[in-house]
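S.K.: So that we are looking at the same thing, I have put the structure below in structure tokens.
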Amino acid sequence: MRHFLIPAAVALLSISGTTLCEIQKPEISLWGRMTMGQVVSSPIEEGTHDYNFKGEWLENIDAGVRLNHQLTPSLLGRFNLGLTVNASRVQARNTNSVELTSKIVSAYLLDASMQYSKDALFGTKDSLTLEFGYFPFKYNPQSTNLGEYLFRSGTYPGVVVSGFENSIDKPKIAGIHAAYGVYPWVNIDAIFNTELDIYPLRDINFTALATSTVPQIASLSLGVQFAHMISMDRRKTTPGLNSEKHPTVNQWVGYIDPETNDTTLYTFRGTKLMGRAMLDLKGTIEKFSGELSFLGKEDLKLYGEAAILGVKNYPGWYNELGERIPVTAGMNWPTHQFASYCLVPGMIAFGLGDRTADARLFGAKMDDRSVKTILYGGSGLILGAGLWALEKYLDINTRLDLLSFEIEFFKSPYWNSQEFIWKNAVPVPYTGSSAGMNYASWHDSLAKTDDNIKWSIYLSKKFSSWFRLSGQIACDHTPRNWYTAAPPSFVKYTELVPRTSEDWYYMLRASFYF
């Protein structure tokens, strides 16, 4: 058998136009990171099994190995496997047991794919890329936390997911990806993938994206995703078809018109539309004025993304299209030391300080927000001036690589939670009651409006090719189930920091590569 395989391998390489001498050795690299942060404020959902996250510290240690193997000039094999030590699990409320908060070590896959690339198919600047396997994919290069809706949301219900470096680490997709582009103007992506994140699993999604770019000025992208386009089991995608589990249509699986008795079944299947744009103010100005050396490479990029999470209306829970449209806007703030280190700490303190609490500064009575703004702003001024001097006089690069501000508006009246998706396997929104609710009992006074606005501040600084620091302060869509290791029926899928003006967390991460 061995004597047959060697000639066969040589023959295969010959057909592909590759000799044994052209095969490169695998490139192996190692990486690790330490993440720690604190949930400053988080509410408790009364009347249900919940977790008290307020003041909790969250910690993870990750490490992994990455392997790239150039099999032929056009064919690349990729593999990236990580291990995590999760010490972030929170104790359940109303229990003395802390057994489930002990650390857990687990493995996770980041990349296992083959990539074929070919340049100059029809001209000198076009290219084709094919990917197959399990691979990361990111279509919004500016997003640091919010956005990236096509691969980080559901349709019915339109649940959105985000979190610290969840967007930067890129959503992971299992399937086939084809990309054709004419550099640098146009790029088209088409993806068939199996659903691995939101129930029902293994259904087939199809996504298409078209991106147009004017270098150093702007880019525009439009996309569509047919979620759960091909069902592996119709009874899971449309639960009302499962007569064994749902012998009659009720509020969990469909809508019955009270006047005509017409029945509409709810389904996880739906169509998402996405549009995003980016304007490079720095690049545009430099086209006419020359290089702006006091600004960083990514500074002054304005960007935004909007999506429709299900274009079709359904009576009952999904009769308002505007309630399924999240919109995100972002800006890369100038990273000059005086603009970043000096101004931003005071701005954050002013935004997050408590106006109702009293505090003292040098004996003077003030509100908490004013005191923190003065202290943080003053400290930032000293820090920024010192770091600017280090760069100017000692030629030490002290600027951040990236400092971004993002804000999102999402008018959904329901809780942003996968609670009923996983616990009841039904495509209806969570309304705050684990017992469910008939749509006939719903009225506007029950709408959850204190979570309509989300925000995020992200920073990153790479000190060398082997070390990077990053951090984030945010009120976003991080789900609680990331940090609750309990029996399945007790896991919570609601947001960690849902309320816009009250709840937030901060995270810091040190990453190293060798």
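Here, A, B, ... name the chains of the structure tokens in the order displayed, residue numbers run from 1 inside each chain, and ligands are numbered from 1 in the same displayed order.
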Find the residues near Ala174 in chain A: any atom within 8 Å, counting only C-alpha atoms, skip ones fewer than 6 places away on the same chain, and give them as a list in words.

M.R.: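 Contacts, with the query itself left out: Phe132, Gly133, Tyr134, Phe135, Asn193, Thr194, Glu195 and Leu196 of chain A.
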
S.K.: With only C-alpha atoms as the counted atoms, please give the residues lying no more than 10 Å from range 166-168 of chain A, apart from itself and same-chain residues fewer than 3 positions off, as number ranges by chain.

M.R.: A: 137-148, 152, 161-163, 171, 478

S.K.: Export N, CA and C atoms of the chosen residues as a CSV table (one decimal), in the first residue's frame?

M.R.:
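So the final result, stored in again.csv, reads:
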```
chain,number,residue,atom,x,y,z
A,137,PHE,N,-14.8,34.5,9.2
A,137,PHE,CA,-15.2,35.4,8.1
A,137,PHE,C,-15.7,36.7,8.7
A,138,LYS,N,-15.2,37.8,8.2
A,138,LYS,CA,-15.6,39.2,8.7
A,138,LYS,C,-15.8,40.1,7.5
A,139,TYR,N,-17.0,40.6,7.4
A,139,TYR,CA,-17.3,41.5,6.2
A,139,TYR,C,-17.3,43.0,6.5
A,140,ASN,N,-17.2,43.3,7.8
A,140,ASN,CA,-17.2,44.7,8.2
A,140,ASN,C,-15.8,45.0,8.9
A,141,PRO,N,-14.8,45.4,8.1
A,141,PRO,CA,-13.5,45.5,8.7
A,141,PRO,C,-13.3,46.6,9.8
A,142,GLN,N,-14.3,47.5,9.9
A,142,GLN,CA,-14.2,48.6,10.9
A,142,GLN,C,-14.8,48.2,12.2
A,143,SER,N,-15.8,47.3,12.2
A,143,SER,CA,-16.5,46.9,13.4
A,143,SER,C,-15.6,46.3,14.5
A,144,THR,N,-15.6,46.9,15.7
A,144,THR,CA,-14.8,46.3,16.8
A,144,THR,C,-15.7,45.6,17.8
A,145,ASN,N,-17.0,45.9,17.8
A,145,ASN,CA,-17.9,45.2,18.7
A,145,ASN,C,-19.3,45.1,18.1
A,146,LEU,N,-20.0,46.2,17.8
A,146,LEU,CA,-21.3,46.2,17.4
A,146,LEU,C,-21.4,46.0,15.8
A,147,GLY,N,-22.5,45.6,15.3
A,147,GLY,CA,-22.7,45.3,13.9
A,147,GLY,C,-22.4,43.9,13.5
A,148,GLU,N,-21.9,43.7,12.3
A,148,GLU,CA,-21.7,42.3,11.8
A,148,GLU,C,-22.9,41.5,11.9
A,152,ARG,N,-24.2,37.3,13.1
A,152,ARG,CA,-24.3,37.3,14.5
A,152,ARG,C,-25.7,37.7,15.0
A,161,VAL,N,-26.1,39.4,18.8
A,161,VAL,CA,-25.0,39.0,19.7
A,161,VAL,C,-23.8,39.9,19.4
A,162,SER,N,-23.1,40.3,20.5
A,162,SER,CA,-21.8,41.0,20.4
A,162,SER,C,-21.1,40.7,21.7
A,163,GLY,N,-19.9,41.4,21.8
A,163,GLY,CA,-19.1,41.1,23.0
A,163,GLY,C,-17.6,41.5,22.8
A,171,PRO,N,-16.6,36.0,13.3
A,171,PRO,CA,-17.5,34.8,13.4
A,171,PRO,C,-16.9,33.6,12.6
A,478,THR,N,-23.6,41.2,25.0
A,478,THR,CA,-23.0,40.0,25.5
A,478,THR,C,-24.0,39.1,26.3
```

S.K.: Which residues are close to Arg276 in chain A, i.e. within 8 Å by only C-alpha atoms, leaving aside same-chain residues fewer than 3 positions away? Reply as a PyMOL selection string.

M.R.: chain A and resi 140+220-222+303-306

S.K.: Could you turn the residues from that selection into a file that holds C-alpha atoms, as an mmCIF file, in the first residue's frame?

M.R.:
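The resulting file, selection10.cif, is shown below:
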```
data_model
loop_
_atom_site.group_PDB
_atom_site.id
_atom_site.type_symbol
_atom_site.label_atom_id
_atom_site.label_comp_id
_atom_site.auth_asym_id
_atom_site.auth_seq_id
_atom_site.Cartn_x
_atom_site.Cartn_y
_atom_site.Cartn_z
ATOM 1 C CA ASN A 140 -17.164 44.739 8.201
ATOM 2 C CA LEU A 220 -19.928 50.484 0.410
ATOM 3 C CA SER A 221 -21.261 46.974 0.915
ATOM 4 C CA LEU A 222 -24.660 45.340 0.426
ATOM 5 C CA TYR A 303 -18.661 53.898 9.442
ATOM 6 C CA GLY A 304 -22.115 52.478 9.846
ATOM 7 C CA GLU A 305 -24.155 49.336 9.317
ATOM 8 C CA ALA A 306 -27.879 48.594 9.218
#
```

S.K.: Rounded to one decimal place, report the CA of Lys272 in chain A-CA of Phe226 in chain A distance in Å.

M.R.: 6.5 Å

S.K.: Please determine, counting only C-alpha atoms, which residue among A:Met229, A:Ala107, A:Ala357, A:Leu279 has the shortest atom-to-atom distance to Met331 in chain A.

M.R.: A:Leu279

S.K.: Rank A:Ser74, A:Thr211, A:Ser370, A:Ser417 by their smallest atom-to-atom distance to Lys118 in chain A, using only C-alpha atoms, and report the top residue only.

M.R.: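 When distances to Lys118 in chain A are compared using only C-alpha atoms, the smallest one comes from A:Ser74.
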
S.K.: Between A:Val428, A:Ala307, A:Leu265, A:Leu71, which has the minimum distance to Asn242 in chain A (counting only C-alpha atoms)?

M.R.: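 With only C-alpha atoms as the atom set, the closest residue is A:Leu265.
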
S.K.: Check the smallest atom-to-atom distance from each of A:Leu300, A:Val85, A:Ile308, A:Val253 to Ser153 in chain A using only C-alpha atoms, then report the winner.

M.R.: A:Ile308

S.K.: Name all residues at most 9 Å from Trp57 in chain A (count only C-alpha atoms; drop same-chain ones fewer than 5 positions away) and give them as a VMD selection string.

M.R.: chain A and resid 36 to 39 88 90

S.K.: Next, the residues of the selection above should be written as a short mmCIF file (atom, residue, chain, number, x, y, z; two decimals), in the first residue's frame with C-alpha atoms.

M.R.:
```cif
data_model
loop_
_atom_site.label_atom_id
_atom_site.label_comp_id
_atom_site.auth_asym_id
_atom_site.auth_seq_id
_atom_site.Cartn_x
_atom_site.Cartn_y
_atom_site.Cartn_z
CA MET A 36 -9.84 40.10 32.81
CA GLY A 37 -12.64 42.53 33.46
CA GLN A 38 -15.51 43.47 35.72
CA VAL A 39 -19.26 43.84 35.33
CA SER A 88 -15.54 33.52 34.64
CA VAL A 90 -20.83 33.20 38.13
#
```

S.K.: For the strand (DSSP E) assignment from backbone DSSP, which residues of range 26-66 of chain A qualify? Please present them as a PDB file with N, CA and C atoms, in the first residue's frame.

M.R.:
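So result33.pdb came out as:
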```pdb
ATOM      1  N   GLU A  27       4.142  26.383   8.417  1.00  0.00           N
ATOM      2  CA  GLU A  27       4.460  27.482   9.314  1.00  0.00           C
ATOM      3  C   GLU A  27       3.638  27.311  10.592  1.00  0.00           C
ATOM      4  N   ILE A  28       4.315  27.141  11.701  1.00  0.00           N
ATOM      5  CA  ILE A  28       3.643  26.911  12.975  1.00  0.00           C
ATOM      6  C   ILE A  28       3.921  28.090  13.904  1.00  0.00           C
ATOM      7  N   SER A  29       2.873  28.641  14.467  1.00  0.00           N
ATOM      8  CA  SER A  29       3.020  29.733  15.429  1.00  0.00           C
ATOM      9  C   SER A  29       2.136  29.462  16.638  1.00  0.00           C
ATOM     10  N   LEU A  30       2.551  29.986  17.764  1.00  0.00           N
ATOM     11  CA  LEU A  30       1.814  29.816  19.012  1.00  0.00           C
ATOM     12  C   LEU A  30       1.284  31.168  19.474  1.00  0.00           C
ATOM     13  N   TRP A  31       0.189  31.150  20.178  1.00  0.00           N
ATOM     14  CA  TRP A  31      -0.389  32.386  20.684  1.00  0.00           C
ATOM     15  C   TRP A  31      -1.032  32.150  22.051  1.00  0.00           C
ATOM     16  N   GLY A  32      -1.175  33.217  22.795  1.00  0.00           N
ATOM     17  CA  GLY A  32      -1.830  33.141  24.094  1.00  0.00           C
ATOM     18  C   GLY A  32      -2.404  34.497  24.453  1.00  0.00           C
ATOM     19  N   ARG A  33      -3.318  34.516  25.396  1.00  0.00           N
ATOM     20  CA  ARG A  33      -3.876  35.783  25.844  1.00  0.00           C
ATOM     21  C   ARG A  33      -4.493  35.619  27.232  1.00  0.00           C
ATOM     22  N   MET A  34      -4.438  36.702  27.985  1.00  0.00           N
ATOM     23  CA  MET A  34      -5.047  36.750  29.314  1.00  0.00           C
ATOM     24  C   MET A  34      -6.074  37.873  29.310  1.00  0.00           C
ATOM     25  N   THR A  35      -7.295  37.553  29.722  1.00  0.00           N
ATOM     26  CA  THR A  35      -8.399  38.506  29.689  1.00  0.00           C
ATOM     27  C   THR A  35      -8.999  38.634  31.080  1.00  0.00           C
ATOM     28  N   MET A  36      -9.191  39.871  31.513  1.00  0.00           N
ATOM     29  CA  MET A  36      -9.836  40.099  32.810  1.00  0.00           C
ATOM     30  C   MET A  36     -10.661  41.376  32.741  1.00  0.00           C
ATOM     31  N   GLY A  37     -11.795  41.356  33.412  1.00  0.00           N
ATOM     32  CA  GLY A  37     -12.642  42.534  33.456  1.00  0.00           C
ATOM     33  C   GLY A  37     -13.666  42.417  34.558  1.00  0.00           C
ATOM     34  N   GLN A  38     -14.501  43.440  34.661  1.00  0.00           N
ATOM     35  CA  GLN A  38     -15.509  43.473  35.719  1.00  0.00           C
ATOM     36  C   GLN A  38     -16.830  43.985  35.175  1.00  0.00           C
ATOM     37  N   VAL A  39     -17.914  43.358  35.631  1.00  0.00           N
ATOM     38  CA  VAL A  39     -19.257  43.843  35.329  1.00  0.00           C
ATOM     39  C   VAL A  39     -19.602  44.875  36.397  1.00  0.00           C
ATOM     40  N   VAL A  40     -19.637  46.140  36.016  1.00  0.00           N
ATOM     41  CA  VAL A  40     -19.858  47.211  36.989  1.00  0.00           C
ATOM     42  C   VAL A  40     -21.304  47.235  37.455  1.00  0.00           C
ATOM     43  N   SER A  41     -22.236  47.070  36.520  1.00  0.00           N
ATOM     44  CA  SER A  41     -23.651  47.074  36.882  1.00  0.00           C
ATOM     45  C   SER A  41     -24.408  46.124  35.980  1.00  0.00           C
ATOM     46  N   TRP A  57     -16.050  39.713  38.785  1.00  0.00           N
ATOM     47  CA  TRP A  57     -14.856  39.728  37.947  1.00  0.00           C
ATOM     48  C   TRP A  57     -14.910  38.542  36.985  1.00  0.00           C
ATOM     49  N   LEU A  58     -14.531  38.774  35.746  1.00  0.00           N
ATOM     50  CA  LEU A  58     -14.530  37.742  34.717  1.00  0.00           C
ATOM     51  C   LEU A  58     -13.100  37.555  34.223  1.00  0.00           C
ATOM     52  N   GLU A  59     -12.664  36.303  34.146  1.00  0.00           N
ATOM     53  CA  GLU A  59     -11.268  36.026  33.768  1.00  0.00           C
ATOM     54  C   GLU A  59     -11.193  34.798  32.872  1.00  0.00           C
ATOM     55  N   ASN A  60     -10.408  34.919  31.817  1.00  0.00           N
ATOM     56  CA  ASN A  60     -10.133  33.796  30.921  1.00  0.00           C
ATOM     57  C   ASN A  60      -8.668  33.806  30.526  1.00  0.00           C
ATOM     58  N   ILE A  61      -8.095  32.624  30.420  1.00  0.00           N
ATOM     59  CA  ILE A  61      -6.739  32.464  29.887  1.00  0.00           C
ATOM     60  C   ILE A  61      -6.835  31.540  28.685  1.00  0.00           C
ATOM     61  N   ASP A  62      -6.324  32.002  27.537  1.00  0.00           N
ATOM     62  CA  ASP A  62      -6.397  31.228  26.305  1.00  0.00           C
ATOM     63  C   ASP A  62      -5.002  31.020  25.737  1.00  0.00           C
ATOM     64  N   ALA A  63      -4.839  29.923  25.031  1.00  0.00           N
ATOM     65  CA  ALA A  63      -3.600  29.648  24.308  1.00  0.00           C
ATOM     66  C   ALA A  63      -3.940  28.749  23.132  1.00  0.00           C
ATOM     67  N   GLY A  64      -3.094  28.785  22.116  1.00  0.00           N
ATOM     68  CA  GLY A  64      -3.397  27.960  20.956  1.00  0.00           C
ATOM     69  C   GLY A  64      -2.223  27.813  20.021  1.00  0.00           C
ATOM     70  N   VAL A  65      -2.439  27.000  19.007  1.00  0.00           N
ATOM     71  CA  VAL A  65      -1.427  26.763  17.981  1.00  0.00           C
ATOM     72  C   VAL A  65      -2.058  26.981  16.614  1.00  0.00           C
ATOM     73  N   ARG A  66      -1.341  27.699  15.769  1.00  0.00           N
ATOM     74  CA  ARG A  66      -1.802  27.996  14.415  1.00  0.00           C
ATOM     75  C   ARG A  66      -0.829  27.387  13.414  1.00  0.00           C
TER      76      ARG A  66
END
```

S.K.: With only C-alpha atoms as the atoms that count, which of A:Leu281, A:Val497, A:Ala440, A:Leu201 lies nearest to Ala425 in chain A?

M.R.: A:Leu201

S.K.: Could you jot down the CA of Tyr318 in chain A to CA of Lys170 in chain A separation for me, Å, one decimal place?

M.R.: 29.4 Å

S.K.: What is the distance, in Å and to one decimal place, between CA of Glu131 in chain A and CA of Ala210 in chain A?

M.R.: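 One can read the CA of Glu131 in chain A to CA of Ala210 in chain A distance as 17.3 Å.
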
S.K.: Please identify which residues in range 210-274 of chain A DSSP calls helix (DSSP H, G or I) from the backbone, and express them as a count of residues only.

M.R.: 7

S.K.: In terms of the shortest atom-to-atom distance over only C-alpha atoms, which of A:Leu459, A:Leu302, A:Leu402, A:Leu75 is closest to Gln472 in chain A?

M.R.: A:Leu459

S.K.: Near range 375-389 of chain A, counting only C-alpha atoms, which residues have an atom at most 6 Å away, once you skip same-chain residues fewer than 4 positions from it, shown as a PyMOL selection string?

M.R.: chain A and resi 337-338+341-342+345-346+393+398

S.K.: Which polymer residues have any atom within 8 Å of an atom of range 102-106 of chain A, counting only C-alpha atoms, with same-chain residues fewer than 5 positions away left out, as a ChimeraX atom specification?

M.R.: /A:83-89

S.K.: List the spatial neighbours of Phe463 in chain A as an MDAnalysis selection string - criterion: any atom at most 10 Å away, only C-alpha atoms, same-chain residues fewer than 4 positions off excluded.

M.R.: chainID A and resid 397:401 467:469
